[in-house]
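One file, model.tsv, carrying TSV, C-alpha atoms:
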```
chain	number	residue	atom	x	y	z
W	1	MET	CA	36.45	1.92	5.03
W	2	LYS	CA	39.05	4.62	4.39
W	3	SER	CA	38.34	4.62	0.69
W	4	ASP	CA	34.62	4.98	1.42
W	5	LYS	CA	35.28	8.18	3.29
W	6	LYS	CA	37.19	9.55	0.33
W	7	LYS	CA	34.47	8.46	-2.06
W	8	VAL	CA	31.78	10.20	-0.03
W	9	ILE	CA	33.73	13.45	0.02
W	10	ILE	CA	34.39	13.31	-3.72
W	11	LEU	CA	30.75	12.48	-4.46
W	12	LEU	CA	29.50	15.37	-2.33
W	13	LEU	CA	31.90	17.75	-4.06
W	14	VAL	CA	30.70	16.59	-7.47
W	15	ALA	CA	27.07	17.06	-6.40
W	16	ALA	CA	27.79	20.58	-5.13
W	17	PHE	CA	29.69	21.30	-8.32
W	18	ILE	CA	26.79	20.32	-10.56
W	19	ALA	CA	24.41	22.40	-8.46
W	20	VAL	CA	26.56	25.53	-8.44
W	21	VAL	CA	27.92	25.56	-12.00
W	22	PRO	CA	24.77	27.03	-13.63
W	23	LEU	CA	25.05	30.05	-11.32
W	24	PHE	CA	28.40	30.91	-12.84
W	25	THR	CA	27.88	29.84	-16.42
W	26	LEU	CA	24.48	31.46	-16.81
W	27	LYS	CA	25.10	34.87	-15.37
W	28	GLY	CA	21.98	36.97	-15.16
W	29	ALA	CA	19.59	34.07	-15.54
W	30	GLU	CA	16.56	34.37	-13.37
W	31	PHE	CA	16.56	30.99	-11.67
W	32	GLY	CA	12.98	31.70	-10.89
W	33	GLY	CA	10.84	28.82	-11.52
W	34	SER	CA	8.58	26.81	-9.47
W	35	ASP	CA	5.15	28.20	-9.69
W	36	ASP	CA	4.88	29.92	-13.07
W	37	ALA	CA	6.74	26.98	-14.55
W	38	GLY	CA	4.06	24.78	-15.98
W	39	SER	CA	1.53	27.58	-16.14
W	40	VAL	CA	3.56	29.43	-18.79
W	41	MET	CA	3.58	26.33	-20.94
W	42	ILE	CA	-0.11	25.74	-20.36
W	43	SER	CA	-0.98	29.28	-21.42
W	44	LYS	CA	1.12	28.76	-24.52
W	45	ILE	CA	-0.68	25.59	-25.49
W	46	GLU	CA	-4.11	26.92	-24.61
W	47	GLY	CA	-3.34	30.22	-26.25
W	48	ARG	CA	-4.74	32.19	-23.34
W	49	GLU	CA	-4.08	32.88	-19.70
W	50	TYR	CA	-5.17	29.92	-17.63
W	51	GLN	CA	-7.26	30.52	-14.53
W	52	PRO	CA	-6.74	27.85	-11.88
W	53	TRP	CA	-10.07	26.69	-10.53
W	54	PHE	CA	-8.81	26.20	-6.98
W	55	THR	CA	-6.47	28.29	-4.86
W	56	PRO	CA	-4.15	26.75	-2.28
W	57	VAL	CA	-5.84	26.43	1.11
W	58	LEU	CA	-3.22	28.45	2.89
W	59	GLU	CA	-3.55	31.32	0.41
W	60	THR	CA	-7.29	31.34	1.00
W	61	PHE	CA	-6.71	31.55	4.75
W	62	ILE	CA	-4.19	34.36	4.69
W	63	ASP	CA	-5.94	36.07	1.79
W	64	GLY	CA	-3.01	36.39	-0.52
W	65	GLU	CA	0.20	34.75	-1.56
W	66	LEU	CA	2.64	33.39	0.95
W	67	PRO	CA	5.44	35.98	1.38
W	68	GLY	CA	8.72	34.81	-0.17
W	69	GLU	CA	10.66	34.98	3.07
W	70	VAL	CA	8.07	32.92	4.91
W	71	GLU	CA	8.05	30.40	2.11
W	72	SER	CA	11.81	29.96	2.38
W	73	LEU	CA	11.39	29.63	6.14
W	74	LEU	CA	8.94	26.78	5.65
W	75	PHE	CA	11.23	25.13	3.13
W	76	CYS	CA	14.01	25.35	5.71
W	77	VAL	CA	11.73	23.78	8.30
W	78	GLN	CA	11.14	20.92	5.89
W	79	THR	CA	14.87	20.47	5.31
W	80	GLY	CA	15.53	20.77	9.03
W	81	ILE	CA	13.06	18.07	9.96
W	82	GLY	CA	14.62	15.71	7.43
W	83	VAL	CA	18.23	16.43	8.29
W	84	GLY	CA	17.43	16.14	12.00
W	85	ILE	CA	15.97	12.67	11.65
W	86	ILE	CA	18.77	11.45	9.40
W	87	ALA	CA	21.58	12.90	11.49
W	88	TYR	CA	20.14	11.70	14.81
W	89	ASN	CA	19.76	8.16	13.55
W	90	LEU	CA	23.13	8.02	11.82
W	91	GLY	CA	24.74	9.16	15.06
W	92	ARG	CA	22.85	6.48	16.97
W	93	LEU	CA	23.85	3.77	14.52
W	94	ARG	CA	27.45	4.88	14.57
W	95	GLU	CA	27.65	4.69	18.36
W	96	ARG	CA	25.90	1.32	18.32
W	97	LYS	CA	28.54	-0.05	15.99
W	98	ARG	CA	31.32	1.32	18.19
W	99	LEU	CA	29.80	-0.10	21.39
W	100	LEU	CA	29.15	-3.49	19.79
W	101	ALA	CA	32.73	-3.66	18.58
W	102	SER	CA	34.16	-2.79	21.99
W	103	ALA	CA	31.81	-5.26	23.70
W	104	GLU	CA	33.00	-7.96	21.34
W	105	ALA	CA	36.61	-7.07	22.05
W	106	ALA	CA	35.93	-7.31	25.79
W	107	ASN	CA	34.31	-10.72	25.30
W	108	ASP	CA	37.28	-11.97	23.37
W	109	ALA	CA	39.63	-10.79	26.08
W	110	ASP	CA	37.83	-12.86	28.74
C	1	MET	CA	34.99	12.36	-14.52
C	2	LYS	CA	35.53	16.05	-15.17
C	3	ASN	CA	35.51	15.42	-18.90
C	4	ASN	CA	32.37	13.37	-18.55
C	5	GLN	CA	30.70	16.20	-16.73
C	6	LYS	CA	31.69	18.66	-19.39
C	7	ILE	CA	30.14	16.41	-21.99
C	8	ILE	CA	26.96	16.08	-19.95
C	9	VAL	CA	26.69	19.79	-19.27
C	10	THR	CA	27.27	20.68	-22.92
C	11	ALA	CA	24.79	18.08	-24.07
C	12	VAL	CA	22.16	19.41	-21.70
C	13	LEU	CA	22.93	22.97	-22.71
C	14	ALA	CA	22.54	22.04	-26.34
C	15	ALA	CA	19.22	20.43	-25.57
C	16	ALA	CA	18.19	23.53	-23.66
C	17	VAL	CA	19.01	25.76	-26.63
C	18	ILE	CA	17.05	23.53	-28.99
C	19	PHE	CA	14.04	23.55	-26.73
C	20	GLY	CA	14.04	27.28	-26.31
C	21	PHE	CA	16.77	28.58	-24.11
C	22	GLY	CA	16.11	31.13	-21.41
C	23	ARG	CA	12.47	30.35	-20.96
C	24	THR	CA	11.73	30.53	-17.27
C	25	ALA	CA	10.14	27.23	-16.71
C	26	SER	CA	10.93	24.47	-14.37
C	27	ALA	CA	9.54	21.22	-13.31
C	28	MET	CA	7.83	20.85	-10.01
C	29	HIS	CA	4.66	19.30	-8.95
C	30	ILE	CA	1.48	20.15	-10.78
C	31	MET	CA	0.09	23.29	-9.19
C	32	GLU	CA	-3.13	23.67	-7.29
C	33	GLY	CA	-6.13	24.07	-9.54
C	34	TYR	CA	-4.29	23.28	-12.75
C	35	LEU	CA	-5.88	19.93	-13.48
C	36	PRO	CA	-9.53	19.62	-14.44
C	37	PRO	CA	-11.58	18.09	-11.59
C	38	GLN	CA	-12.34	14.81	-13.35
C	39	LEU	CA	-8.62	14.20	-13.94
C	40	CYS	CA	-7.86	15.03	-10.29
C	41	ILE	CA	-10.33	12.40	-9.25
C	42	SER	CA	-9.07	9.78	-11.70
C	43	TRP	CA	-5.43	10.18	-10.67
C	44	GLY	CA	-6.45	10.12	-7.03
C	45	ALA	CA	-8.47	6.96	-7.54
C	46	LEU	CA	-5.59	5.37	-9.42
C	47	SER	CA	-3.23	6.17	-6.53
C	48	LEU	CA	-5.49	4.79	-3.80
C	49	PRO	CA	-4.83	1.06	-4.29
C	50	PHE	CA	-1.08	1.72	-4.25
C	51	LEU	CA	-1.43	3.68	-1.01
C	52	ALA	CA	-3.46	0.93	0.60
C	53	ALA	CA	-0.94	-1.70	-0.49
C	54	GLY	CA	1.82	0.62	0.71
C	55	PHE	CA	0.26	0.86	4.15
C	56	PHE	CA	0.22	-2.92	4.50
C	57	SER	CA	3.71	-3.20	3.05
C	58	ILE	CA	5.04	-0.85	5.74
C	59	LYS	CA	3.14	-2.71	8.43
C	60	LYS	CA	4.67	-5.98	7.28
C	61	THR	CA	8.17	-4.54	7.16
C	62	VAL	CA	7.92	-3.12	10.65
C	63	SER	CA	6.47	-6.31	12.10
C	64	LYS	CA	9.38	-8.23	10.57
C	65	ASP	CA	11.73	-6.31	12.79
C	66	ARG	CA	10.93	-3.13	14.69
C	67	ARG	CA	14.46	-1.91	14.22
C	68	LEU	CA	13.70	-1.36	10.56
C	69	MET	CA	11.62	1.64	11.67
C	70	THR	CA	14.86	3.59	12.00
C	71	ILE	CA	15.85	2.99	8.40
C	72	LEU	CA	12.30	3.61	7.20
C	73	ALA	CA	12.23	6.92	9.05
C	74	MET	CA	15.55	7.84	7.50
C	75	SER	CA	14.27	7.03	4.01
C	76	GLY	CA	11.25	9.25	4.64
C	77	ALA	CA	13.45	12.00	6.04
C	78	PHE	CA	15.64	11.70	2.95
C	79	ILE	CA	12.62	12.53	0.77
C	80	PHE	CA	11.88	15.50	3.05
C	81	VAL	CA	15.39	16.87	2.65
C	82	ILE	CA	15.89	16.16	-1.03
C	83	SER	CA	12.54	17.49	-2.16
C	84	SER	CA	13.01	20.72	-0.21
C	85	LEU	CA	16.22	21.65	-1.98
C	86	LYS	CA	15.59	23.83	-4.99
C	87	ILE	CA	18.63	23.69	-7.16
C	88	PRO	CA	19.58	25.93	-10.09
C	89	SER	CA	19.84	24.06	-13.34
C	90	VAL	CA	21.46	24.59	-16.71
C	91	THR	CA	18.27	25.93	-18.25
C	92	GLY	CA	18.34	28.98	-16.02
C	93	SER	CA	15.57	27.92	-13.73
C	94	CYS	CA	15.31	26.01	-10.51
C	95	SER	CA	13.80	22.67	-9.81
C	96	HIS	CA	13.98	20.13	-7.05
C	97	MET	CA	14.57	16.43	-6.76
C	98	THR	CA	12.32	13.69	-5.48
C	99	GLY	CA	14.45	11.59	-3.14
C	100	THR	CA	12.18	8.59	-3.53
C	101	GLY	CA	14.80	6.25	-5.01
C	102	LEU	CA	16.36	5.35	-1.66
C	103	GLY	CA	13.16	4.12	-0.08
C	104	ALA	CA	12.15	2.27	-3.22
C	105	ILE	CA	15.42	0.36	-3.36
C	106	LEU	CA	15.38	-0.54	0.35
C	107	PHE	CA	11.68	-1.08	1.09
C	108	GLY	CA	10.10	-1.53	-2.31
C	109	PRO	CA	8.04	0.98	-4.26
C	110	LEU	CA	4.78	0.40	-2.38
C	111	ALA	CA	6.14	1.60	0.95
C	112	VAL	CA	7.41	4.78	-0.70
C	113	SER	CA	3.92	5.77	-1.80
C	114	ILE	CA	3.12	6.44	1.86
C	115	LEU	CA	6.39	8.24	2.57
C	116	GLY	CA	5.95	10.35	-0.57
C	117	ILE	CA	2.39	11.41	0.10
C	118	ILE	CA	3.37	12.70	3.56
C	119	VAL	CA	5.86	15.07	1.94
C	120	LEU	CA	3.39	16.06	-0.78
C	121	ILE	CA	0.70	16.90	1.78
C	122	PHE	CA	3.21	18.92	3.81
C	123	GLN	CA	4.16	20.95	0.75
C	124	ALA	CA	0.63	21.32	-0.54
C	125	VAL	CA	-0.81	22.59	2.74
C	126	LEU	CA	2.03	24.69	4.13
C	127	LEU	CA	3.96	25.78	1.08
C	128	ALA	CA	1.26	26.17	-1.56
C	129	HIS	CA	3.52	23.93	-3.55
C	130	GLY	CA	1.80	21.27	-5.53
C	131	GLY	CA	-1.76	21.19	-4.30
C	132	LEU	CA	-4.54	19.31	-2.61
C	133	THR	CA	-6.61	18.99	-5.78
C	134	THR	CA	-3.58	17.77	-7.71
C	135	LEU	CA	-2.40	15.57	-4.84
C	136	GLY	CA	-3.54	12.40	-6.60
C	137	ALA	CA	-1.68	13.21	-9.80
C	138	ASN	CA	1.47	14.29	-7.95
C	139	THR	CA	1.36	11.22	-5.75
C	140	PHE	CA	1.11	9.04	-8.82
C	141	SER	CA	4.11	10.62	-10.53
C	142	MET	CA	6.43	11.16	-7.56
C	143	ALA	CA	5.45	8.52	-5.02
C	144	ILE	CA	4.33	5.68	-7.29
C	145	ALA	CA	5.63	5.81	-10.88
C	146	GLY	CA	9.14	7.10	-10.05
C	147	PRO	CA	9.75	4.62	-7.20
C	148	PHE	CA	8.43	1.72	-9.29
C	149	LEU	CA	10.89	2.53	-12.06
C	150	SER	CA	13.74	2.95	-9.54
C	151	PHE	CA	12.91	-0.41	-8.05
C	152	ALA	CA	12.76	-2.09	-11.46
C	153	VAL	CA	16.02	-0.51	-12.61
C	154	TYR	CA	17.74	-1.62	-9.42
C	155	LYS	CA	16.50	-5.19	-9.79
C	156	VAL	CA	17.57	-5.36	-13.44
C	157	CYS	CA	21.00	-3.95	-12.59
C	158	GLN	CA	21.40	-6.54	-9.85
C	159	LYS	CA	20.41	-9.31	-12.26
C	160	CYS	CA	23.13	-8.07	-14.58
C	161	ARG	CA	25.55	-8.25	-11.65
C	162	LEU	CA	26.32	-4.58	-11.89
C	163	ASN	CA	28.20	-2.98	-9.01
C	164	ARG	CA	25.70	-2.27	-6.23
C	165	ARG	CA	26.49	1.40	-5.88
C	166	ILE	CA	26.29	1.99	-9.60
C	167	SER	CA	22.92	0.24	-9.60
C	168	VAL	CA	21.74	2.54	-6.80
C	169	PHE	CA	22.92	5.58	-8.74
C	170	LEU	CA	21.16	4.53	-11.94
C	171	ALA	CA	17.97	3.58	-10.11
C	172	ALA	CA	17.69	6.88	-8.24
C	173	MET	CA	18.61	8.97	-11.26
C	174	LEU	CA	16.23	7.31	-13.72
C	175	GLY	CA	13.43	7.29	-11.15
C	176	ASP	CA	13.81	11.05	-10.75
C	177	ILE	CA	13.64	11.65	-14.51
C	178	PHE	CA	10.74	9.26	-14.91
C	179	THR	CA	8.76	11.20	-12.30
C	180	TYR	CA	8.91	14.25	-14.50
C	181	CYS	CA	8.12	12.24	-17.64
C	182	ILE	CA	4.91	11.18	-15.93
C	183	THR	CA	4.21	14.77	-14.89
C	184	SER	CA	4.56	15.80	-18.54
C	185	VAL	CA	2.16	13.08	-19.62
C	186	GLN	CA	-0.33	14.15	-16.95
C	187	LEU	CA	-0.19	17.76	-18.08
C	188	ALA	CA	-0.44	16.73	-21.72
C	189	LEU	CA	-3.53	14.67	-20.99
C	190	ALA	CA	-5.10	17.74	-19.43
C	191	TYR	CA	-3.86	20.13	-22.12
C	192	PRO	CA	-3.56	18.42	-25.48
C	193	SER	CA	-2.16	20.67	-28.19
C	194	GLU	CA	-4.49	21.96	-30.87
C	195	GLN	CA	-2.16	20.72	-33.57
C	196	GLY	CA	-0.71	17.32	-32.86
C	197	GLY	CA	-2.89	16.64	-29.84
C	198	PHE	CA	-1.68	14.73	-26.83
C	199	LEU	CA	1.71	13.61	-28.17
C	200	ALA	CA	2.80	17.04	-29.35
C	201	SER	CA	1.78	18.50	-26.03
C	202	ALA	CA	3.61	15.79	-24.08
C	203	ALA	CA	6.75	16.46	-26.11
C	204	LYS	CA	6.43	20.16	-25.33
C	205	PHE	CA	6.13	19.65	-21.58
C	206	LEU	CA	8.92	17.11	-21.63
C	207	GLY	CA	11.07	19.55	-23.57
C	208	VAL	CA	10.66	22.04	-20.76
C	209	PHE	CA	11.14	19.58	-17.92
C	210	ALA	CA	13.80	17.14	-19.11
C	211	PRO	CA	16.77	19.49	-19.65
C	212	THR	CA	16.14	21.16	-16.29
C	213	GLN	CA	15.80	17.90	-14.49
C	214	LEU	CA	18.70	15.93	-15.97
C	215	PRO	CA	21.55	17.47	-13.94
C	216	LEU	CA	19.38	17.37	-10.83
C	217	ALA	CA	18.69	13.71	-11.41
C	218	ILE	CA	22.44	13.12	-11.47
C	219	VAL	CA	22.78	14.99	-8.17
C	220	GLU	CA	19.97	12.90	-6.72
C	221	GLY	CA	21.73	9.72	-7.82
C	222	ILE	CA	24.94	10.86	-6.15
C	223	LEU	CA	23.25	11.81	-2.88
C	224	THR	CA	21.41	8.51	-2.75
C	225	VAL	CA	24.69	6.65	-3.18
C	226	VAL	CA	26.20	8.72	-0.34
C	227	ILE	CA	23.38	7.74	2.02
C	228	ILE	CA	23.67	4.12	0.95
C	229	ILE	CA	27.41	4.17	1.69
C	230	SER	CA	26.80	5.50	5.18
C	231	LEU	CA	24.06	2.94	5.82
C	232	GLU	CA	26.38	0.22	4.55
C	233	SER	CA	28.96	1.14	7.14
C	234	TYR	CA	26.68	1.74	10.13
C	235	ALA	CA	23.48	-0.20	9.54
C	236	ARG	CA	24.66	-3.51	8.13
C	237	PRO	CA	22.36	-5.60	10.34
C	238	GLU	CA	19.27	-3.76	9.12
C	239	LEU	CA	20.36	-3.88	5.50
C	240	LYS	CA	20.83	-7.60	5.90
C	241	ILE	CA	17.29	-8.04	7.19
C	242	LEU	CA	16.14	-6.06	4.16
C	243	ASP	CA	18.15	-8.40	1.95
C	244	PHE	CA	20.02	-5.43	0.61
C	245	ILE	CA	23.36	-6.98	1.48
C	246	LYS	CA	24.11	-10.66	1.70
C	247	GLU	CA	27.52	-10.70	3.31
C	248	GLY	CA	28.26	-9.73	6.90
C	249	HIS	CA	27.28	-11.48	10.09
C	250	ALA	CA	23.75	-11.99	11.24
C	251	TYR	CA	22.09	-9.78	13.78
C	252	GLU	CA	22.49	-10.81	17.40
C	253	LYS	CA	19.22	-10.38	19.18
```

Representation of the structure as structure tokens:
Amino acid sequence: MKSDKKKVIILLLVAAFIAVVPLFTLKGAEFGGSDDAGSVMISKIEGREYQPWFTPVLETFIDGELPGEVESLLFCVQTGIGVGIIAYNLGRLRERKRLLASAEAANDAD
Amino acid sequence: MKNNQKIIVTAVLAAAVIFGFGRTASAMHIMEGYLPPQLCISWGALSLPFLAAGFFSIKKTVSKDRRLMTILAMSGAFIFVISSLKIPSVTGSCSHMTGTGLGAILFGPLAVSILGIIVLIFQAVLLAHGGLTTLGANTFSMAIAGPFLSFAVYKVCQKCRLNRRISVFLAAMLGDIFTYCITSVQLALAYPSEQGGFLASAAKFLGVFAPTQLPLAIVEGILTVVIIISLESYARPELKILDFIKEGHAYEK
């Protein structure tokens, strides 16, 4: 059990390390990405600017692109929902294990 | 470990240089409106049977023991978290992971198709990320093909009596990479190169996606192992029902 705790911490550090390293090794890189990503490649292959034949529903509704800050807000909402569910349930399971163990101990004592 | 990482990072960097370093391009879902309508429909149609089977698979799992809902919800939530994190990669652009490996290993690939499409719809509608027209194609790559490979890799590793956590790592990592291989193939089918046709085009898309995705796939593998470790220590009864672990005492009802 103890060694598991250590392992988890080491693993998380390694994960963070991999994620952060490019920021320091590739100074000045854009780290842009997402949306122009494939489209750049497609234009290259097609040899001309590609016009998508359908615009995202939300962009049609608000008549323009989603502002960057709002987009990051929505991404945070997505992360938050996920983390909330995971953390709540892990906490529940942890307490369950503790209560079961103490109930068993009480049974043995009788 | 450190040395290993250095080797990996240099190898990926080398690959990035070969494939055209500094190009701002990263792998995500296929964007709205970027697939011709007939391909959108075909990929959607191809995904439908998996989704239907997935629905019944989830129903069966839950009816086996309602308590499994908790773990299922956590697997879904894991996809939510993991696929919302955009992480900088060695190619100088950002990409995100899929998070589908965990569910595939625990509940089988069919169940994940449902979990995955929920996330994809969320992102397509609210974030203009991916898209409704490309939903079928993205579902096929992220929620069907990737999980199926993860599941297969995990089973093979278990057959070879590999350490369980290493199996989980490999399964999640390869599933992540495979998702983007399929995305490349889908884009190549829609945009075959003038010289070389489909294969040349697929190689081009893969050349853009693979170097970006490789380090992220490793991170995904690590995070999946972390979740598995915590489930192993707190949710043994559920994992036993799922046949994920054999040892440990049975659940007391």

* Identify every residue of chain C that has at least one atom within 6 Å of any atom of chain W, counting all atoms listed in the file, and report the result as a PyMOL selection string. => chain C and resi 25-26+32-34+74+77+80-81+84+89-90+92-94+128+193+219+226+234

* Asked: Neighbours of Val119 of chain C within 9 Å (all atoms listed in the file; same-chain residues fewer than 3 positions away dropped), as a ChimeraX atom specification?
  -> /W:78 /C:76,79-80,83,115-116,122-124

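Proximity ranking of C:Gly196, C:Gly103, C:Pro37, C:Pro211 relative to Ser75 of chain C places C:Gly103 first, based on only C-alpha atoms.
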
* Excluding same-chain residues fewer than 3 positions from segment 57-61 of chain C, what lies within 12 Å of it counting all atoms listed in the file, as JSON, numbers by chain? -> {"C": [50, 51, 52, 53, 54, 64, 65, 66, 67, 68, 69, 70, 71, 72, 73, 76, 103, 104, 106, 107, 108, 109, 110, 111, 112, 113, 114, 115, 238, 241, 242, 243]}

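Our summary of the geometry notes that atom CA of Thr224 of chain C is positioned 22.5 Å from atom CA of Asn3 of chain C.
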
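Counting only C-alpha atoms and comparing C:Leu126, C:Ala202, C:Gly197, C:Phe56, the residue that lies closest to Ile62 of chain W is C:Leu126.
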
Near-segment 169-183 of chain C list (9 Å; all atoms listed in the file; drop same-chain fewer than 4 positions) as a PDB file with C-alpha atoms, in the coordinates of the input:
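Final output, saved to out-v8.pdb:
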```
ATOM      1  CA  ALA C  27       9.540  21.220 -13.310  1.00  0.00           C
ATOM      2  CA  MET C  28       7.830  20.850 -10.010  1.00  0.00           C
ATOM      3  CA  HIS C  29       4.660  19.300  -8.950  1.00  0.00           C
ATOM      4  CA  ILE C  30       1.480  20.150 -10.780  1.00  0.00           C
ATOM      5  CA  MET C  97      14.570  16.430  -6.760  1.00  0.00           C
ATOM      6  CA  THR C  98      12.320  13.690  -5.480  1.00  0.00           C
ATOM      7  CA  GLY C  99      14.450  11.590  -3.140  1.00  0.00           C
ATOM      8  CA  THR C 100      12.180   8.590  -3.530  1.00  0.00           C
ATOM      9  CA  GLY C 101      14.800   6.250  -5.010  1.00  0.00           C
ATOM     10  CA  LEU C 102      16.360   5.350  -1.660  1.00  0.00           C
ATOM     11  CA  ALA C 104      12.150   2.270  -3.220  1.00  0.00           C
ATOM     12  CA  ILE C 105      15.420   0.360  -3.360  1.00  0.00           C
ATOM     13  CA  ALA C 137      -1.680  13.210  -9.800  1.00  0.00           C
ATOM     14  CA  ASN C 138       1.470  14.290  -7.950  1.00  0.00           C
ATOM     15  CA  PHE C 140       1.110   9.040  -8.820  1.00  0.00           C
ATOM     16  CA  SER C 141       4.110  10.620 -10.530  1.00  0.00           C
ATOM     17  CA  MET C 142       6.430  11.160  -7.560  1.00  0.00           C
ATOM     18  CA  ALA C 143       5.450   8.520  -5.020  1.00  0.00           C
ATOM     19  CA  ILE C 144       4.330   5.680  -7.290  1.00  0.00           C
ATOM     20  CA  ALA C 145       5.630   5.810 -10.880  1.00  0.00           C
ATOM     21  CA  GLY C 146       9.140   7.100 -10.050  1.00  0.00           C
ATOM     22  CA  PRO C 147       9.750   4.620  -7.200  1.00  0.00           C
ATOM     23  CA  PHE C 148       8.430   1.720  -9.290  1.00  0.00           C
ATOM     24  CA  LEU C 149      10.890   2.530 -12.060  1.00  0.00           C
ATOM     25  CA  SER C 150      13.740   2.950  -9.540  1.00  0.00           C
ATOM     26  CA  PHE C 151      12.910  -0.410  -8.050  1.00  0.00           C
ATOM     27  CA  ALA C 152      12.760  -2.090 -11.460  1.00  0.00           C
ATOM     28  CA  VAL C 153      16.020  -0.510 -12.610  1.00  0.00           C
ATOM     29  CA  TYR C 154      17.740  -1.620  -9.420  1.00  0.00           C
ATOM     30  CA  LYS C 155      16.500  -5.190  -9.790  1.00  0.00           C
ATOM     31  CA  CYS C 157      21.000  -3.950 -12.590  1.00  0.00           C
ATOM     32  CA  ARG C 164      25.700  -2.270  -6.230  1.00  0.00           C
ATOM     33  CA  ARG C 165      26.490   1.400  -5.880  1.00  0.00           C
ATOM     34  CA  LEU C 187      -0.190  17.760 -18.080  1.00  0.00           C
ATOM     35  CA  ALA C 188      -0.440  16.730 -21.720  1.00  0.00           C
ATOM     36  CA  ALA C 202       3.610  15.790 -24.080  1.00  0.00           C
ATOM     37  CA  PHE C 205       6.130  19.650 -21.580  1.00  0.00           C
ATOM     38  CA  LEU C 206       8.920  17.110 -21.630  1.00  0.00           C
ATOM     39  CA  PHE C 209      11.140  19.580 -17.920  1.00  0.00           C
ATOM     40  CA  ALA C 210      13.800  17.140 -19.110  1.00  0.00           C
ATOM     41  CA  GLN C 213      15.800  17.900 -14.490  1.00  0.00           C
ATOM     42  CA  LEU C 214      18.700  15.930 -15.970  1.00  0.00           C
ATOM     43  CA  LEU C 216      19.380  17.370 -10.830  1.00  0.00           C
ATOM     44  CA  ALA C 217      18.690  13.710 -11.410  1.00  0.00           C
ATOM     45  CA  ILE C 218      22.440  13.120 -11.470  1.00  0.00           C
ATOM     46  CA  VAL C 219      22.780  14.990  -8.170  1.00  0.00           C
ATOM     47  CA  GLU C 220      19.970  12.900  -6.720  1.00  0.00           C
ATOM     48  CA  GLY C 221      21.730   9.720  -7.820  1.00  0.00           C
ATOM     49  CA  ILE C 222      24.940  10.860  -6.150  1.00  0.00           C
ATOM     50  CA  LEU C 223      23.250  11.810  -2.880  1.00  0.00           C
ATOM     51  CA  THR C 224      21.410   8.510  -2.750  1.00  0.00           C
ATOM     52  CA  VAL C 225      24.690   6.650  -3.180  1.00  0.00           C
TER      53      VAL C 225
END
```

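Note that atom CA of Glu232 of chain C and atom CA of Phe244 of chain C are 9.4 Å apart.
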
* Asked: Interatomic distance between atom CA of Leu120 of chain C and atom CA of Gly136 of chain C?
  -> 9.8 Å

* **Nearest to Ile227 of chain C by atom-to-atom distance, counting only C-alpha atoms, from C:Ile118, C:Leu39, C:Val168, C:Val185** => C:Val168
